[in-house]
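To start, the structure itself, in structure tokens.
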Amino acid sequence: MTKNYLDQFMPDLAAARTDSELAEVWQKYLSKTGLLKLAVKELTALSVEEKREQGPILQAALKEAEEALRAKREELAAVAMQAILKKKAEQLSCQPIKLGHLHPITATIRQMNQLFVSMGYSIMEEREIETDEFCFQRLNVPSDHPARDMQDTIYIEEPNLLLRTQTSSIEARTLANFQPPFKVVAPGRVYRNEKVNKSNHFIFHHYQGVVVLEKTSLKDLFGTFTCLFKEMYGPDVVVRYRNKYYPEVEPGVGPDMQCFSCHGDGCPLCKGVGWIEMGGAGMIHPKVLAMAGIDTDKFSGFAFGLGLDRWVMAKYKIGDIRTLLGGNLAYKPQKS
Amino acid sequence: MKILYSQIKELVPSLSAAAQEVGEALTMTGFMMDNFQQVVFKGEADQLLSLEVRQNRADCLSVIGVAREVAAYYHLPLELPAGRSFLSSAAALPVSVRAVEHVKRILAVRLEGAANGASPEWLVSFLAFYDINSINLLVDLSNYIMLYTGFTSHLLDSDLVEGALAWEVNPIERNIQTLDGSELALTGGELVIVDDANVLALAGIVGCRSAAISPATKNLIAEMAVYDRFIIKQNSRALSVVTEASNRLSKDMSPAAAEYAFSLLIKLLTQETGAKIVGEVFDYYPDPQSEVVIDFNPELPGKIAGIDLSSERVREILENLRCEVEMIDPLSWRVSVPEDRLDLELAEDLAEEVIRLNRFDRIPSDQLPALTVTADITPASWLLKEKIRDVMVAWGYDEILSQPLVSAELNQQTNWIDWQMILTQNSVNEEFPALRQSVGTGLLNELAEYNKKQVWPIRIFEIGKVFGRDLSGVKELYSLGALWTSDQPALPAMQADVLRLLSFLGVTGVVLEPLAQAPLAANPFCSFAIMLQGVAFGILAQLKPRERADHLYYFELDLDKVLELQSATHSARELTGKLVVLDANWERPADQSLAQELIDLSVQAGESLWDLSIVDVYPLADNIVRYTLRAVYAELSDQEAKQLHARLFSLN
């Protein structure tokens with residue numbers, strides 16, 4: 001009798017495809033008025049011996065049926081969830097979630113920061129309205145020095161205050177504010193009094209590095225720079241270092257990268273020389289260290305500065321420098 | 001500086017390196033070759049090298065200077081032409097120097113019987129390489145000497161000079177006419193050469209029509225001077241006159257080395273024009289240049305370069321540079337510097353010379369420095385900004401950067417801080433005279449540009465400096481601004497962004513208060529100050545409709561204040577017992593803020609309160625709202641937690 005019910009129950013359960021069909025199966029067999037539950041009630045009419053014989057069989061059948069029902073319920077729930085997920089995925093692929101973007105300058109700074117932080121550098125930032133002292137004098141560029149020829153400065157309507165022309169001012173502040181040894185990089189915005197056009201802007205972005213240790217050398221500077229170039233341009237990049245003049249360093253260094261367009265043969269991009277100037281660097285001038293009160297017998301250091309805008313323009317194929325500071329820079333939406 | 005390869009060979013006859021190789025060597029040692037041309041000079045194939053000369057090497061703005069570099073690099077002898085020897089005195093000519101603070105040296109001589117006329121072809125073509133037009137033989141020879149030696153000279157027709165020559169600071173406003181016929185308005189303060197009647201030259205910059213050399217000139221005065229470079233630079237910039245002469249004399253030139261250049265000038269003038277020297281050479285030289293001797297440790301170049309450099313190699317390079325080396329002991333040298341090298345003052349200057357002539361490419365560039373552990377001094381403000389960028393990007397905002405120099409009008413549209421605008425003194429970009437007071441300036445500009453290009457919808461942010469002046473002076477602070485366009489009202493959604501962002505940053509308990517004075521761009525009835533503990537540190541506003549945007553929302557936060565307001569409660573804690581969770585109801589008027597009450601309650605509960613949140617809000621009659629608050633207690637027994645809970649919420 002019970003076996004007959006169970007034999008009926010299993011196919012009915014297997015045939016159920018929805019929660020309501022499953023409920024019907026439960027109603028038919030396992031509810032208070034269900035066939036299996038009624039069979040249990042009918043045990044009371046049997047003799048003691050029959051009860052001892054039929055009771056365990058019936059209980060086992062009931063347990064088997066309830067477990068099968070529970071398993072079926074979980075199976076149907078999983079199928080339903082899969083359907084929901086599939087539908088959701090289809091919706092998401094048709095209407096992608098809006099992604100935000102970092103500005104290319106920020107993204108480039110982060111890439112460089114990541115490298116330098118991995119080498120134990122700190123990241124530094126400083127004021128953009130500077131004093132003549134920290135923008136020039138403490139960098140061995142006195143107010144009447146010919147190096148001033150290289151840069152025209154925007155002054156604000158406040159005595160002796162200007163918009164920093166270089167992130168070297170962060171170097172001067174760091175040297176004055178922190179006791180060596182230290183290693184810092186400092187991305188930042190700088191200002192020059194230039195007319196704005198496709199190639200020039202009065203605002204651009206620099207990336208400064210300053211290292212002051214008990215023992216450091218040009219070899220350390222070159223090794224650091226080469227590592228940076230490889231990080232930014234890949235392992236096959238060719239770099240050369242030549243002597244150059246900057247008042248805040250001695251010796252001064254001009255790092256050049258072999259032109260990635262012509263590979264050294266000369267082309268319009270590199271103005272025919274086969275190399276692209278990538279910034280300035282050098283060993284910090286002993287006068288600069290001394291002005292910051294740093295013991296030059298004990299410590300020495302190197303510094304470097306890079307212009308970020310042209311790197312970013314080349315990387316993102318941006319032809320107009322003004323694009324970087326608004327207007328034409330837009331982010332492509334994610335395609336479905 | 002341009003230089004013909006044949007001229008280098010003339011001064012360094014044993015040079016065997018080809019022109020291109022010489023250019024590359026000069027590039028690596030500090031004089032970058034930016035152009036290389038095949039040319040014809042004196043009927044023969046030649047090469048013209050164009051070099052960038054370092055700011056502190058005025059001595060190399062000359063053929064001789066560059067040839068000296070080549071000779072030093074290749075360790076070859078330099079053969080300079082002999083000049084014409086002369087006797088000199090301070091009384092040789094009736095010259096008075098009234099601008100004594102600006103004049104370092106004047107050499108001048110009277111010459112008679114010159115046969116002036118057209119210049120020979122070689123001289124005309126030589127000057128053409130430098131874009132200098134041929135004028136006449138006398139003037140061309142003066143220009144040739146400038147290019148050859150770096151020292152500028154000035155020739156005057158002595159028959160046209162009225163009275164005595166004088167160097168003085170121009171005392172009055174007056175106009176002068178330069179050699180090319182241009183009118184210059186002097187305002188006073190310029191260094192000039194005058195006679196008794198006229199201004200003869202703007203000293204060190206350009207000659208005047210008065211007493212100018214003409215094809216008919218037979219008798220002349222030739223002068224060569226070295227000035228204080230600042231007055232030349234100042235005059236040149238003020239009058240917007242830049243010449244080959246001013247370019248050289250606005251840099252440090254050696255007054256001592258002028259003597260050789262002058263001897264070459266008078267040799268050339270007498271040889272080429274047949275002129276005779278009359279009397280002695282006038283020499284005004286009140287403060288003769290001192291010899292520079294530097295104490296030098298020969299290990300210094302190797303130490304700076306990070307490589308081994310032998311003492312022999314160091315000495316060889318210094319001597320190639322014409323330094324005289326006296327060895328006191330193996331590690332203590334005294335090095336005398338050539339008189340034309342005014343850039344060499346310190347031991348480090350000498351070390352740089354050694355390193356650059358040994359070439360930088362002999363220093364390994366593929367070795368990372370040994371790791372030296374140093375303290376992390378990255379400021380918290382940097383980390384805060386990076387975290388904000390990550391959050392904003394994750395929420396679908398695009399980052400923009402904009403220029404901090406803006407129009408005054410745009411500042412008035414967006415400023416929400418109680419401070420004054422800062423203006424620039426001298427920006428060449430007149431339409432952007434002010435420093436921005438809000439990053440909203442850039443966001444609104446970006447909105448307009450995106451609208452033109454139909455980039456829509458817009459959700460952008462910027463983190464950058466804003467500037468202003470208050471009673472304490474000039475201030476600059478970091479600001480975060482975000483702008484959001486929507487098809488429907490969305491101020492509550494932006495409010496949620498602001499509060500969630502602040503919560504992520506550890507700033508909780510923030511309240512919004514109507515803004516007393518909204519920026520012009522904002523809807524004054526829908527502008528709120530973002531406040532904590534009575535301090536306003538941001539703005540949330542609906543902006544007035546503009547472009548295509550009817551629903552335009554904006555918030556800005558003073559990140560310096562956010563940094564100050566960040567709580568220090570994000571610390572780990574050991575939990576030794578179970579948490580006890582208890583609820584309580586508060587009934588409050590619907591328009592009453594709970595923020596301060598919750599803060600007070602948290603303070604009162606102290607360390608035992610693990611968490612406090614509003615889990616239900618139910619409106620009752622008479623504009624009353626019932627809030628269900630859930631308090632979670634830590635490290636208390638059930639009984640202790642209930643007692644504290646009852647006390648905090650006045651449940652008894």
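Convention: chains lettered A, B, ... in structure tokens order; per-chain residue numbering from 1; ligands numbered from 1 as shown.
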Report as a PyMOL selection string all protein, DNA and RNA residues lying within 8 Å of Arg105 (chain B), evaluated on only C-alpha atoms, omitting residues in the same chain fewer than 3 positions from it. chain B and resi 225-227+255+283-286
Which of region 144-205 of chain B counts as alpha helix (DSSP H) under DSSP, as a VMD selection string please? chain B and resid 144 to 149
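Comparing the minimum interatomic distances between Thr226 (chain A) and each of B:Asp638, B:Asp398, B:Met531, B:Gln367, counting only C-alpha atoms, we find that B:Gln367 sits nearest.
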Check which residues of chain A sit at most 6 Å from chain B using only C-alpha atoms, and return one row each with the closest pair of atoms and their distance in Å to one decimal, ordered by chain and rising number, as CSV.
```
residue,atom,partner,partner_atom,distance
A:Lys98,CA,B:Gly396,CA,5.2
A:Leu99,CA,B:Gly396,CA,4.5
A:Gly100,CA,B:Gly396,CA,3.8
A:His101,CA,B:Asp398,CA,4.6
A:Leu102,CA,B:Glu399,CA,5.1
A:His103,CA,B:Glu399,CA,5.2
A:Ser122,CA,B:Thr378,CA,5.0
A:Ile123,CA,B:Thr378,CA,4.8
A:Met124,CA,B:Thr378,CA,5.6
A:Ile154,CA,B:Ser427,CA,5.7
A:Tyr155,CA,B:Gln425,CA,5.4
A:Ile156,CA,B:Thr424,CA,3.9
A:Glu157,CA,B:Gln425,CA,5.4
A:Phe182,CA,B:Thr374,CA,5.4
A:Asn193,CA,B:Ser427,CA,5.8
A:Ser217,CA,B:Ile304,CA,5.0
A:Leu218,CA,B:Ala305,CA,4.7
A:Lys219,CA,B:Gly306,CA,5.3
A:Asp220,CA,B:Pro369,CA,4.8
A:Phe222,CA,B:Ser365,CA,4.7
A:Gly223,CA,B:Leu368,CA,4.6
A:Thr224,CA,B:Leu368,CA,5.8
A:Arg242,CA,B:Met28,CA,4.6
A:Asn243,CA,B:Gly30,CA,4.3
A:Lys244,CA,B:Gly30,CA,5.0
A:Tyr245,CA,B:Arg54,CA,5.8
A:Pro251,CA,B:Glu352,CA,5.0
A:Leu325,CA,B:Ser402,CA,4.4
A:Gly326,CA,B:Ser402,CA,5.4
A:Gly327,CA,B:Glu449,CA,5.2
```
All residues 8 Å or closer to region 485-491 of chain B, only C-alpha atoms, same chain fewer than 3 positions away omitted, as a PyMOL selection string: chain B and resi 457-459+494-495+541-542+549-553
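In this model, the gap between CA of Ser311 (chain B) and CA of Asp329 (chain B) comes to 11.6 Å.
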Please give the complete set of residues from region 74-168 of chain B that DSSP, run on the backbone, assigns to strand (DSSP E), formatted as a PyMOL selection string. chain B and resi 88-89+95-97+103-112+153-157+165-168
Find the spatial neighbours of region 252-260 of chain A, counting only C-alpha atoms, within a cut-off of 7 Å - ignore same-chain residues fewer than 5 positions away - and output them as a PDB file with C-alpha atoms, in the first residue's frame.
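Contents of out09.pdb, as written:
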```pdb
ATOM      1  CA  VAL A 238      66.771  53.335 -25.564  1.00  0.00           C
ATOM      2  CA  VAL A 239      67.853  56.166 -23.281  1.00  0.00           C
ATOM      3  CA  ARG A 240      70.916  58.367 -23.257  1.00  0.00           C
ATOM      4  CA  TYR A 241      72.156  60.844 -20.689  1.00  0.00           C
ATOM      5  CA  ARG A 242      73.978  64.006 -21.652  1.00  0.00           C
ATOM      6  CA  ASN A 243      75.293  66.978 -19.785  1.00  0.00           C
ATOM      7  CA  LYS A 244      72.919  69.906 -19.446  1.00  0.00           C
ATOM      8  CA  TYR A 245      72.734  73.064 -17.387  1.00  0.00           C
ATOM      9  CA  TYR A 246      70.238  73.662 -14.613  1.00  0.00           C
ATOM     10  CA  CYS A 270      62.098  64.537 -32.993  1.00  0.00           C
ATOM     11  CA  GLY A 274      66.578  61.059 -33.497  1.00  0.00           C
ATOM     12  CA  TRP A 275      66.134  61.768 -29.795  1.00  0.00           C
ATOM     13  CA  ILE A 276      63.400  63.301 -27.682  1.00  0.00           C
ATOM     14  CA  GLU A 277      64.260  65.349 -24.604  1.00  0.00           C
ATOM     15  CA  MET A 278      62.475  63.890 -21.601  1.00  0.00           C
ATOM     16  CA  GLY A 279      63.170  66.358 -18.816  1.00  0.00           C
ATOM     17  CA  GLY A 280      65.978  67.498 -16.595  1.00  0.00           C
ATOM     18  CA  ALA A 281      67.916  66.019 -13.729  1.00  0.00           C
ATOM     19  CA  GLY A 282      71.176  66.122 -11.851  1.00  0.00           C
ATOM     20  CA  MET A 283      72.948  65.931  -8.544  1.00  0.00           C
TER      21      MET A 283
END
```
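For Asp157 (chain B), the list of residues within 7 Å, based on only C-alpha atoms and with local chain neighbours fewer than 5 positions off taken out, reads B:Ala211, B:Ala212, B:Ile213, B:Thr217, B:Asn219, B:Leu220, B:Ile221.
The closest residue to Lys287 (chain A), picked from A:Glu248, A:Asp320, A:Glu231, A:Asp309 and counting only C-alpha atoms, is A:Glu248.
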CA of Gln20 (chain B) to CA of Met1 (chain B), straight-line distance in Å: 15.8 Å
In Å, with one decimal, what is the gap from CA of Lys317 (chain A) to CA of Val273 (chain A)? 21.5 Å
Neighbouring residues of Leu594 (chain B) were defined as those with any atom within 12 Å, considering only C-alpha atoms; residues of the same chain fewer than 6 positions away were excluded. Please report them as a PyMOL selection string. chain B and resi 509-512+586-588+600-601+613-614+625-627+629
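Shortest atom-to-atom contact with Leu38 (chain A) among A:Leu58, A:Leu69, A:Ala107, A:Val25: A:Leu58, counting only C-alpha atoms.
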